[in-house]
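Peer 1: Structure supplied as entry36.cif; contents: mmCIF, C-alpha atoms.
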```cif
data_input
loop_
_atom_site.label_atom_id
_atom_site.label_comp_id
_atom_site.auth_asym_id
_atom_site.auth_seq_id
_atom_site.Cartn_x
_atom_site.Cartn_y
_atom_site.Cartn_z
CA MET A 119 72.91 20.83 -39.64
CA THR A 120 69.37 22.19 -40.00
CA ILE A 121 67.42 23.05 -36.86
CA ASP A 122 63.78 22.02 -36.86
CA TRP A 123 62.44 25.24 -35.30
CA THR A 124 58.75 24.31 -35.78
CA ASN A 125 59.05 21.34 -33.43
CA PHE A 126 61.55 22.98 -31.05
CA THR A 127 60.07 23.01 -27.52
CA PRO A 128 62.89 23.99 -25.15
CA TRP A 129 60.66 25.22 -22.29
CA ALA A 130 58.46 22.12 -22.18
CA ALA A 131 61.58 19.97 -22.42
CA LEU A 132 63.26 21.90 -19.60
CA ALA A 133 60.12 21.74 -17.42
CA GLY A 134 59.78 18.01 -18.06
CA GLY A 135 63.46 17.55 -17.27
CA ILE A 136 63.04 19.40 -13.98
CA LEU A 137 60.15 17.07 -13.07
CA LEU A 138 62.37 14.08 -13.87
CA GLY A 139 65.12 15.59 -11.73
CA LEU A 140 62.65 16.14 -8.89
CA ALA A 141 61.40 12.55 -9.11
CA SER A 142 65.00 11.29 -9.06
CA ALA A 143 65.83 13.62 -6.13
CA VAL A 144 62.84 12.45 -4.07
CA PHE A 145 63.61 8.82 -4.83
CA ILE A 146 67.24 8.95 -3.73
CA LEU A 147 66.61 11.13 -0.66
CA VAL A 148 63.31 9.68 0.59
CA ASN A 149 63.61 6.07 -0.55
CA GLY A 150 67.39 5.85 -0.87
CA ARG A 151 67.12 4.39 -4.36
CA ILE A 152 68.35 5.27 -7.84
CA LEU A 153 65.49 6.06 -10.20
CA GLY A 154 66.54 3.83 -13.06
CA ILE A 155 63.66 2.34 -15.02
CA SER A 156 65.54 -0.52 -16.65
CA GLY A 157 66.99 -1.63 -13.32
CA ILE A 158 63.60 -1.37 -11.60
CA LEU A 159 61.93 -3.46 -14.34
CA GLY A 160 64.81 -5.91 -14.65
CA GLY A 161 64.73 -6.58 -10.90
CA LEU A 162 61.12 -7.72 -11.23
CA LEU A 163 62.33 -10.61 -13.37
CA ARG A 164 64.35 -12.00 -10.45
CA PRO A 165 62.09 -11.47 -7.49
CA SER A 166 63.89 -11.91 -4.22
CA ALA A 167 61.95 -11.78 -0.96
CA GLY A 168 60.52 -8.37 -0.16
CA ASP A 169 62.09 -6.74 -3.18
CA ALA A 170 59.17 -6.64 -5.63
CA GLY A 171 56.74 -4.36 -3.77
CA TRP A 172 58.55 -1.07 -4.28
CA ARG A 173 59.22 -1.85 -7.92
CA VAL A 174 55.56 -2.65 -8.60
CA ALA A 175 54.40 0.49 -6.75
CA PHE A 176 56.76 2.66 -8.81
CA VAL A 177 55.81 1.07 -12.15
CA LEU A 178 52.10 1.46 -11.34
CA GLY A 179 52.75 5.17 -10.80
CA VAL A 180 54.42 5.45 -14.21
CA LEU A 181 51.55 3.54 -15.83
CA ALA A 182 49.01 5.89 -14.19
CA ALA A 183 50.72 9.06 -15.44
CA PRO A 184 49.01 9.20 -18.88
CA ALA A 185 45.56 8.87 -17.27
CA LEU A 186 46.25 11.83 -14.96
CA TYR A 187 47.68 13.81 -17.87
CA LEU A 188 44.55 13.01 -19.90
CA LEU A 189 42.32 14.36 -17.12
CA VAL A 190 44.28 17.58 -16.64
CA VAL A 191 45.76 18.38 -20.07
CA GLY A 192 44.66 15.93 -22.74
CA PRO A 193 45.84 12.86 -24.65
CA VAL A 194 49.58 12.14 -24.62
CA PRO A 195 50.95 12.97 -28.09
CA ALA A 196 52.72 9.98 -29.63
CA THR A 197 53.54 9.20 -33.25
CA ILE A 198 54.97 5.69 -33.53
CA ASP A 199 56.20 5.14 -37.08
CA ALA A 200 58.10 1.92 -36.43
CA GLY A 201 56.53 -1.25 -37.81
CA TRP A 202 55.80 -4.32 -35.70
CA GLY A 203 59.00 -6.15 -36.62
CA THR A 204 61.11 -3.09 -35.88
CA LEU A 205 59.38 -2.67 -32.52
CA VAL A 206 60.18 -6.25 -31.54
CA LEU A 207 63.84 -5.93 -32.58
CA ALA A 208 64.15 -2.53 -30.89
CA GLY A 209 62.54 -3.83 -27.70
CA LEU A 210 64.90 -6.81 -27.53
CA LEU A 211 67.94 -4.56 -28.06
CA VAL A 212 66.76 -2.10 -25.41
CA GLY A 213 66.01 -4.92 -22.95
CA VAL A 214 69.33 -6.75 -23.36
CA GLY A 215 71.38 -3.56 -23.74
CA THR A 216 70.06 -1.74 -20.69
CA ARG A 217 70.67 -4.76 -18.46
CA TYR A 218 74.21 -5.41 -19.70
CA GLY A 219 74.96 -1.70 -19.53
CA SER A 220 73.38 -1.46 -16.04
CA GLY A 221 71.07 1.41 -16.93
CA CYS A 222 69.24 3.58 -19.40
CA THR A 223 68.37 7.22 -19.95
CA SER A 224 67.03 7.63 -16.40
CA GLY A 225 69.59 5.72 -14.34
CA HIS A 226 72.74 6.71 -16.24
CA GLY A 227 71.49 9.79 -18.10
CA VAL A 228 69.82 11.69 -15.26
CA CYS A 229 70.90 10.09 -11.95
CA GLY A 230 74.40 9.00 -12.98
CA LEU A 231 75.36 12.28 -14.61
CA SER A 232 73.87 14.16 -11.63
CA SER A 233 76.12 12.21 -9.29
CA LEU A 234 79.10 12.99 -11.58
CA SER A 235 79.78 9.32 -12.30
CA ALA A 236 82.39 8.69 -15.02
CA ARG A 237 80.85 5.25 -15.56
CA SER A 238 77.46 6.81 -16.32
CA LEU A 239 79.03 9.42 -18.59
CA VAL A 240 80.63 6.64 -20.67
CA ALA A 241 77.34 4.71 -20.79
CA THR A 242 75.41 7.83 -21.80
CA LEU A 243 77.90 8.65 -24.56
CA ALA A 244 77.64 5.04 -25.79
CA PHE A 245 73.85 4.95 -26.03
CA MET A 246 73.48 8.47 -27.37
CA GLY A 247 76.20 7.82 -29.94
CA ALA A 248 74.58 4.55 -31.01
CA GLY A 249 71.20 6.31 -31.21
CA PHE A 250 72.58 9.04 -33.48
CA VAL A 251 74.34 6.51 -35.72
CA THR A 252 71.29 4.23 -35.93
CA VAL A 253 68.97 7.05 -36.97
CA TYR A 254 71.55 8.24 -39.49
CA LEU A 255 71.81 4.77 -41.01
CA VAL A 256 68.05 4.20 -41.09
CA ARG A 257 67.05 7.62 -42.41
CA HIS A 258 69.93 8.66 -44.60
CA THR A 259 71.59 5.56 -45.98
CA LEU A 260 69.00 2.76 -46.03
CA ALA A 261 65.98 4.90 -46.85
CA MET B 123 52.69 1.28 3.41
CA GLN B 124 54.04 4.83 3.39
CA HIS B 125 56.97 3.50 1.37
CA ARG B 126 54.66 2.03 -1.28
CA ILE B 127 52.68 5.28 -1.50
CA ALA B 128 55.87 7.32 -1.85
CA GLU B 129 57.15 5.02 -4.59
CA PHE B 130 53.85 5.20 -6.46
CA PHE B 131 53.86 9.01 -6.42
CA VAL B 132 57.49 9.20 -7.50
CA GLY B 133 56.58 6.94 -10.44
CA LEU B 134 53.63 9.19 -11.24
CA LEU B 135 55.80 12.33 -11.11
CA PHE B 136 58.42 10.64 -13.25
CA GLY B 137 55.81 9.58 -15.84
CA LEU B 138 54.37 13.10 -15.97
CA GLY B 139 57.86 14.52 -16.41
CA LEU B 140 58.46 12.24 -19.39
CA ILE B 141 55.17 13.31 -20.97
CA VAL B 142 55.72 17.05 -20.41
CA ALA B 143 59.28 16.73 -21.71
CA GLY B 144 58.14 15.12 -24.97
CA MET B 145 60.12 11.93 -24.32
CA THR B 146 56.99 9.80 -24.77
CA ASP B 147 56.59 10.77 -28.43
CA PRO B 148 58.88 8.51 -30.50
CA ALA B 149 58.67 10.91 -33.46
CA LYS B 150 60.13 13.67 -31.26
CA VAL B 151 62.85 11.38 -29.90
CA LEU B 152 63.87 10.37 -33.42
CA GLY B 153 63.82 14.05 -34.43
CA PHE B 154 66.36 14.64 -31.65
CA LEU B 155 68.54 11.73 -32.74
CA ASP B 156 68.46 12.79 -36.41
CA LEU B 157 71.45 15.14 -36.52
CA ALA B 158 71.72 14.98 -40.30
CA GLY B 159 68.04 15.71 -40.99
CA MET B 160 65.73 18.37 -39.57
CA TRP B 161 67.26 18.33 -36.08
CA ASP B 162 65.03 19.06 -33.07
CA PRO B 163 67.44 19.78 -30.16
CA SER B 164 64.62 20.01 -27.54
CA LEU B 165 65.44 16.80 -25.70
CA ALA B 166 68.91 18.05 -24.77
CA PHE B 167 67.01 20.43 -22.46
CA VAL B 168 65.37 17.44 -20.73
CA MET B 169 68.68 16.08 -19.58
CA GLY B 170 69.79 19.63 -18.71
CA GLY B 171 66.73 20.20 -16.51
CA GLY B 172 67.08 16.81 -14.85
CA ILE B 173 70.74 17.32 -14.02
CA LEU B 174 70.09 20.87 -12.82
CA VAL B 175 67.89 19.46 -10.03
CA GLY B 176 69.81 16.20 -9.67
CA LEU B 177 73.22 17.73 -8.93
CA GLY B 178 72.10 19.18 -5.60
CA ALA B 179 70.11 16.13 -4.65
CA PHE B 180 72.93 13.67 -5.30
CA ALA B 181 75.49 15.86 -3.57
CA MET B 182 73.20 15.76 -0.52
CA ALA B 183 72.54 12.02 -0.94
CA LYS B 184 76.25 11.16 -0.90
CA LYS B 185 76.63 12.81 2.52
CA ARG B 186 73.76 10.87 4.10
CA THR B 187 73.89 7.47 5.72
CA THR B 188 70.12 6.94 5.87
CA ASN B 189 67.23 8.05 3.69
CA PHE B 190 64.38 10.27 4.95
CA LEU B 191 62.33 7.18 5.85
CA GLY B 192 65.21 5.82 7.93
CA GLY B 193 66.35 3.10 5.52
CA ALA B 194 69.66 2.54 3.76
CA MET B 195 71.05 4.74 0.99
CA LEU B 196 71.37 2.36 -1.95
CA LEU B 197 73.85 4.28 -4.08
CA PRO B 198 75.67 2.37 -6.86
CA THR B 199 79.13 1.21 -5.88
CA SER B 200 80.53 0.05 -9.24
CA THR B 201 82.92 2.36 -11.05
CA ASP B 202 83.94 -0.19 -13.71
CA ILE B 203 84.14 1.06 -17.26
CA ASP B 204 84.22 -2.21 -19.15
CA LYS B 205 82.96 -4.03 -22.24
CA ARG B 206 79.63 -4.83 -20.62
CA LEU B 207 78.93 -1.17 -19.89
CA ILE B 208 79.91 0.07 -23.34
CA GLY B 209 78.51 -2.89 -25.30
CA GLY B 210 75.23 -2.71 -23.39
CA GLY B 211 75.03 1.03 -23.98
CA LEU B 212 75.61 0.57 -27.71
CA LEU B 213 72.91 -2.12 -28.01
CA PHE B 214 70.47 0.01 -26.03
CA GLY B 215 71.22 3.06 -28.19
CA ALA B 216 70.67 1.06 -31.39
CA GLY B 217 67.25 -0.09 -30.14
CA TRP B 218 66.40 3.44 -28.99
CA GLY B 219 67.28 4.80 -32.43
CA LEU B 220 65.23 2.13 -34.23
CA ALA B 221 61.88 2.77 -32.51
CA GLY B 222 62.31 5.99 -30.53
CA PHE B 223 61.40 4.32 -27.23
CA CYS B 224 63.57 4.05 -24.14
CA PRO B 225 62.24 2.06 -21.15
CA GLY B 226 60.41 4.78 -19.16
CA PRO B 227 58.49 6.33 -22.07
CA ALA B 228 57.57 2.84 -23.31
CA ILE B 229 55.92 2.11 -19.93
CA VAL B 230 54.06 5.45 -20.08
CA SER B 231 52.82 4.68 -23.61
CA LEU B 232 51.74 1.24 -22.45
CA GLY B 233 49.72 2.99 -19.73
CA ALA B 234 48.21 5.22 -22.41
CA GLY B 235 46.97 2.08 -24.14
CA GLN B 236 49.21 2.16 -27.22
CA PRO B 237 49.26 -1.36 -28.75
CA LYS B 238 52.65 -0.68 -30.36
CA ALA B 239 54.09 0.23 -26.95
CA ALA B 240 52.71 -3.04 -25.55
CA VAL B 241 54.61 -4.99 -28.23
CA PHE B 242 57.78 -3.00 -27.55
CA VAL B 243 57.50 -3.52 -23.77
CA ALA B 244 56.88 -7.27 -24.22
CA ALA B 245 60.02 -7.55 -26.38
CA MET B 246 62.00 -5.40 -23.92
CA LEU B 247 61.00 -7.61 -20.98
CA ALA B 248 61.92 -10.67 -23.07
CA GLY B 249 65.33 -9.10 -23.69
CA MET B 250 65.75 -8.48 -19.97
CA ALA B 251 64.72 -12.08 -19.25
CA VAL B 252 67.36 -13.32 -21.72
CA PHE B 253 69.95 -11.35 -19.75
CA GLU B 254 68.76 -12.91 -16.47
CA ILE B 255 68.90 -16.45 -17.88
CA VAL B 256 72.37 -15.98 -19.38
CA GLU B 257 73.63 -14.39 -16.16
CA ARG B 258 72.25 -17.23 -14.04
CA ARG B 259 73.87 -19.86 -16.30
CA THR B 260 77.24 -18.10 -16.28
CA SER B 261 77.25 -17.66 -12.51
CA ALA B 262 76.20 -21.30 -12.01
CA ALA B 263 78.91 -22.63 -14.35
#
```
Please re-express this file's structure in structure tokens.
Peer 2:
Amino acid sequence: MTIDWTNFTPWAALAGGILLGLASAVFILVNGRILGISGILGGLLRPSAGDAGWRVAFVLGVLAAPALYLLVVGPVPATIDAGWGTLVLAGLLVGVGTRYGSGCTSGHGVCGLSSLSARSLVATLAFMGAGFVTVYLVRHTLA
Amino acid sequence: MQHRIAEFFVGLLFGLGLIVAGMTDPAKVLGFLDLAGMWDPSLAFVMGGGILVGLGAFAMAKKRTTNFLGGAMLLPTSTDIDKRLIGGGLLFGAGWGLAGFCPGPAIVSLGAGQPKAAVFVAAMLAGMAVFEIVERRTSAA
């Protein structure tokens, strides 16, 4: 294992993580809801009466974040190497997988682990494990 | 209305957290998932920071019967560890490893005007719609 020290940003990662924890904490305590992006988005695809407003408000906040960041700090760094076909396949897998697995990195990874849920721990190990294996296959066996 | 404002600002805080953390850069995410290459362990600190704050909040949440705005506490009730949970997690992880996007960061990148993020989000919503349709058919049958 070789550590990529040039790109290693533990403090920014920790600070960002704390912000994510704060957002999750506010959401569960103030609104009584789990901050899980895939569940929030997925629920928009089956609108039941009075249930869409909070989801839309939340998603609008997420969408507005890069504009605020641009004003205060600068453009959001993003290098997207995946081609169009890969993006479509990846998007489909993420969409289907997060709904069947009842959550993603936010719902299971931050909220679920914070509430010491065994179910979320299993889900997190499954998606992290699959992520590690997929990158290994793509970068070190197919490439 | 105060609910909608609160939800908007939580979304904003969440989006900013993802940006600051580096989660919105697929190259960084893939660097974290690439154990056999030049491994960038940074993103482990994201989950660490989130859980650090989350532990206290969820311990408090479990003791409450109402939220601060007076509504219900909508905590998950399922404890099932089944094929759906594991299979779904594996599919999600494969997609995450292919493009470096998970749902939250993809929405942030869409907000930043990245065309590639728009394609990813469209496909992700299509995948979620497939789930809804299949679920509705199975529950109707």
Peer 1: Rank nothing, just name the residue among B:Ala234, B:Val142, B:Ile127, B:Leu197 nearest to Ser235 (chain A), using all atoms listed in the file.
Peer 2: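 When distances to Ser235 (chain A) are compared using all atoms listed in the file, the smallest one comes from B:Leu197.
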Peer 1: Nearest residue to Ile208 (chain B) out of A:Val206, A:Leu234, A:Cys222, A:Leu181, using all atoms listed in the file?
Peer 2: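 Of the candidates, the smallest distance to Ile208 (chain B) is held by A:Cys222.
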Peer 1: Near Arg186 (chain B), within 12 Å and counting all atoms listed in the file, which residues show up once chain neighbours fewer than 2 positions away are dropped, as a ChimeraX atom specification?
Peer 2: /A:146-148,150 /B:179-184,188-190,192-197
Peer 1: Suppose you want the space between CA of Arg258 (chain B) and CA of Gly219 (chain A); what is it in Å?
Peer 2: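 If I compute the distance from CA of Arg258 (chain B) to CA of Gly219 (chain A), I get 16.7 Å.
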Peer 1: Could you tell me which of B:Thr260, B:Thr187, B:Ser200, B:Ser164 comes closest to chain A if we count only C-alpha atoms?
Peer 2: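 Of the candidates, the smallest distance to chain A is held by B:Ser164.
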Peer 1: I'd like to see the residues matched by the PyMOL selection byres ((chain B and resi 149-161) around 9) on this file, and ideally I'd get them as a VMD selection string.
Peer 2: (chain A and resid 119 to 123 125 to 126 196 to 199 246 249 to 254 257 to 258) or (chain B and resid 144 to 148 162 to 166 218 to 223)
Peer 1: Produce a file of the selected residues containing C-alpha atoms, as a short mmCIF file (atom, residue, chain, number, x, y, z; two decimals), keeping the file's coordinate frame.
Peer 2:
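Dumped to selection_13.cif:
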```cif
data_model
loop_
_atom_site.label_atom_id
_atom_site.label_comp_id
_atom_site.auth_asym_id
_atom_site.auth_seq_id
_atom_site.Cartn_x
_atom_site.Cartn_y
_atom_site.Cartn_z
CA MET A 119 72.91 20.83 -39.64
CA THR A 120 69.37 22.19 -40.00
CA ILE A 121 67.42 23.05 -36.86
CA ASP A 122 63.78 22.02 -36.86
CA TRP A 123 62.44 25.24 -35.30
CA ASN A 125 59.05 21.34 -33.43
CA PHE A 126 61.55 22.98 -31.05
CA ALA A 196 52.72 9.98 -29.63
CA THR A 197 53.54 9.20 -33.25
CA ILE A 198 54.97 5.69 -33.53
CA ASP A 199 56.20 5.14 -37.08
CA MET A 246 73.48 8.47 -27.37
CA GLY A 249 71.20 6.31 -31.21
CA PHE A 250 72.58 9.04 -33.48
CA VAL A 251 74.34 6.51 -35.72
CA THR A 252 71.29 4.23 -35.93
CA VAL A 253 68.97 7.05 -36.97
CA TYR A 254 71.55 8.24 -39.49
CA ARG A 257 67.05 7.62 -42.41
CA HIS A 258 69.93 8.66 -44.60
CA GLY B 144 58.14 15.12 -24.97
CA MET B 145 60.12 11.93 -24.32
CA THR B 146 56.99 9.80 -24.77
CA ASP B 147 56.59 10.77 -28.43
CA PRO B 148 58.88 8.51 -30.50
CA ASP B 162 65.03 19.06 -33.07
CA PRO B 163 67.44 19.78 -30.16
CA SER B 164 64.62 20.01 -27.54
CA LEU B 165 65.44 16.80 -25.70
CA ALA B 166 68.91 18.05 -24.77
CA TRP B 218 66.40 3.44 -28.99
CA GLY B 219 67.28 4.80 -32.43
CA LEU B 220 65.23 2.13 -34.23
CA ALA B 221 61.88 2.77 -32.51
CA GLY B 222 62.31 5.99 -30.53
CA PHE B 223 61.40 4.32 -27.23
#
```
Peer 1: Distance CA of Gly217 (chain B)-CA of Ala141 (chain A), one decimal place?
Peer 2: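 Atom-to-atom, CA of Gly217 (chain B) and CA of Ala141 (chain A) are spaced 25.2 Å apart.
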Peer 1: Got a sec: who's within 8 Å of Leu213 (chain B), counting all atoms listed in the file, leaving out chain neighbours fewer than 3 positions off, as a ChimeraX atom specification?
Peer 2: /A:211-212,214-216,245,248 /B:209-210,216-217
Peer 1: Could you list, as a ChimeraX atom specification, every residue matched by the PyMOL selection byres ((chain A and resi 182) around 8) in this structure?
Peer 2: /A:178-181,183-186 /B:134,137,230,233
Peer 1: Find the residues around Gly176 (chain B) up to 8 Å (only C-alpha atoms counted), leave out those fewer than 2 positions away in its own chain, and share them as a PyMOL selection string.
Peer 2: (chain A and resi 139-140+142-143+228-229+232-233) or (chain B and resi 172-174+178-180)
Peer 1: Report the distance between CA of Ile158 (chain A) and CA of Arg173 (chain A) in Å, rounded to one decimal place.
Peer 2: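 Computed distance, CA of Ile158 (chain A) to CA of Arg173 (chain A), equals 5.7 Å.
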Peer 1: Which residues are close to Leu247 (chain B), i.e. within 12 Å by only C-alpha atoms, leaving aside same-chain residues fewer than 6 positions away? Reply as a tab-separated table (two decimals) with C-alpha atoms, in the frame of the given file.
Peer 2:
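See selection_7.tsv below for the written result:
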```
chain	number	residue	atom	x	y	z
A	155	ILE	CA	63.66	2.34	-15.02
A	156	SER	CA	65.54	-0.52	-16.65
A	157	GLY	CA	66.99	-1.63	-13.32
A	158	ILE	CA	63.60	-1.37	-11.60
A	159	LEU	CA	61.93	-3.46	-14.34
A	160	GLY	CA	64.81	-5.91	-14.65
A	161	GLY	CA	64.73	-6.58	-10.90
A	162	LEU	CA	61.12	-7.72	-11.23
A	163	LEU	CA	62.33	-10.61	-13.37
A	164	ARG	CA	64.35	-12.00	-10.45
A	206	VAL	CA	60.18	-6.25	-31.54
A	208	ALA	CA	64.15	-2.53	-30.89
A	209	GLY	CA	62.54	-3.83	-27.70
A	210	LEU	CA	64.90	-6.81	-27.53
A	211	LEU	CA	67.94	-4.56	-28.06
A	212	VAL	CA	66.76	-2.10	-25.41
A	213	GLY	CA	66.01	-4.92	-22.95
A	214	VAL	CA	69.33	-6.75	-23.36
A	215	GLY	CA	71.38	-3.56	-23.74
A	216	THR	CA	70.06	-1.74	-20.69
A	217	ARG	CA	70.67	-4.76	-18.46
B	225	PRO	CA	62.24	2.06	-21.15
B	228	ALA	CA	57.57	2.84	-23.31
B	229	ILE	CA	55.92	2.11	-19.93
B	240	ALA	CA	52.71	-3.04	-25.55
B	241	VAL	CA	54.61	-4.99	-28.23
B	253	PHE	CA	69.95	-11.35	-19.75
B	254	GLU	CA	68.76	-12.91	-16.47
```
Peer 1: Please export region 226-239 of chain A as a PDB file, in the first residue's frame, restricted to C-alpha atoms.
Peer 2:
```pdb
ATOM      1  CA  HIS A 226     -26.174   4.507   6.429  1.00  0.00           C
ATOM      2  CA  GLY A 227     -22.608   5.839   6.525  1.00  0.00           C
ATOM      3  CA  VAL A 228     -23.064   8.900   8.733  1.00  0.00           C
ATOM      4  CA  CYS A 229     -26.510   8.677  10.397  1.00  0.00           C
ATOM      5  CA  GLY A 230     -26.730   4.886  10.692  1.00  0.00           C
ATOM      6  CA  LEU A 231     -23.242   4.410  12.082  1.00  0.00           C
ATOM      7  CA  SER A 232     -23.809   7.352  14.455  1.00  0.00           C
ATOM      8  CA  SER A 233     -26.893   5.641  15.820  1.00  0.00           C
ATOM      9  CA  LEU A 234     -24.876   2.395  16.208  1.00  0.00           C
ATOM     10  CA  SER A 235     -27.121   0.466  13.821  1.00  0.00           C
ATOM     11  CA  ALA A 236     -25.839  -3.014  12.897  1.00  0.00           C
ATOM     12  CA  ARG A 237     -27.965  -2.850   9.745  1.00  0.00           C
ATOM     13  CA  SER A 238     -26.196   0.332   8.634  1.00  0.00           C
ATOM     14  CA  LEU A 239     -22.798  -1.120   9.481  1.00  0.00           C
TER      15      LEU A 239
END
```
